[in-house]
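Peer 1: Handing you this structure, nothing more for now.
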Amino acid sequence: YLGKVDTYTLDASFDIYGGGGLVSTVEETARFFRALFTEGVFVHPDTRNTLLSTVDAQRGGPAAYGYYKQTPGAYRMGIEVENIDGLSVYGHGGFWGTYAGYVPSLDVAISFSLTQHNTKDEKKTLFREILKCVRNTLQASSTL
């Protein structure tokens, strides 16, 4: 749903051109995100460095659509870098209730999709909770 509009009958291909949208499962998106940061996508490491380099712009990316404040020099070709509970996370939230993030220190990628278009804050809260579960699971398995 987008508000009260049922989007079930919309053809997903309408968003893969100008908006750069992807049509994928959450499992495939997580695999792609992990590969993006672990040598699995780019032939040349400099391409990933370019992806993560900040762009000196007053507006652009998500700010151009009025979603977020744009911090000059903080936008990275569609990748947001955040500190979540002491961990660096490389992520991107899609318009249709999706989010994908990679945590280099854990070598873990997480992706999910909500069936209701939600705010960025709701997606970040859900990601934070999933990350806590993953972190606890990894810590528990390392003590066995």
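For the structure tokens, the naming scheme is as follows: chains receive sequential letters (A, B, ...) according to their order of presentation, residues are indexed from 1 within each chain, and ligands are indexed from 1 in presentation order.
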Hey, what's within 8 Å of segment 108-117 of chain A if we count only C-alpha atoms and toss same-chain stuff fewer than 4 positions away? As an MDAnalysis selection string, please?

Peer 2: chainID A and resid 1:3 26:27 29:31 33:34 95:104 127 131

Peer 1: Identify, on the basis of only C-alpha atoms, every residue whose closest approach to Leu106 of chain A does not exceed 10 Å; exclude the query and any residue fewer than 5 positions from it along the same chain; express the result as an mmCIF file with C-alpha atoms, in the first residue's frame.

Peer 2:
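Wrote it out as part-v4.cif, contents follow:
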data_model
loop_
_atom_site.group_PDB
_atom_site.id
_atom_site.type_symbol
_atom_site.label_atom_id
_atom_site.label_comp_id
_atom_site.auth_asym_id
_atom_site.auth_seq_id
_atom_site.Cartn_x
_atom_site.Cartn_y
_atom_site.Cartn_z
ATOM 1 C CA LEU A 87 28.606 -0.337 13.897
ATOM 2 C CA SER A 88 29.212 1.272 10.502
ATOM 3 C CA VAL A 134 21.993 -10.783 14.255
ATOM 4 C CA ARG A 135 24.668 -9.431 16.570
ATOM 5 C CA LEU A 138 26.760 -14.133 16.183
#

Peer 1: Select, from A:Thr7, A:Thr137, A:Val23, A:Met77, the residue with the minimum atom-to-atom distance to Val55 of chain A, counting only C-alpha atoms.

Peer 2: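 Selected residue with least distance to Val55 of chain A: A:Met77.
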
Peer 1: Excluding Leu51 of chain A and residues on its chain fewer than 3 positions from it, collect all residues at most 8 Å away from it, counting only C-alpha atoms, and give them as a VMD selection string.

Peer 2: chain A and resid 47 to 48 76 to 77 79
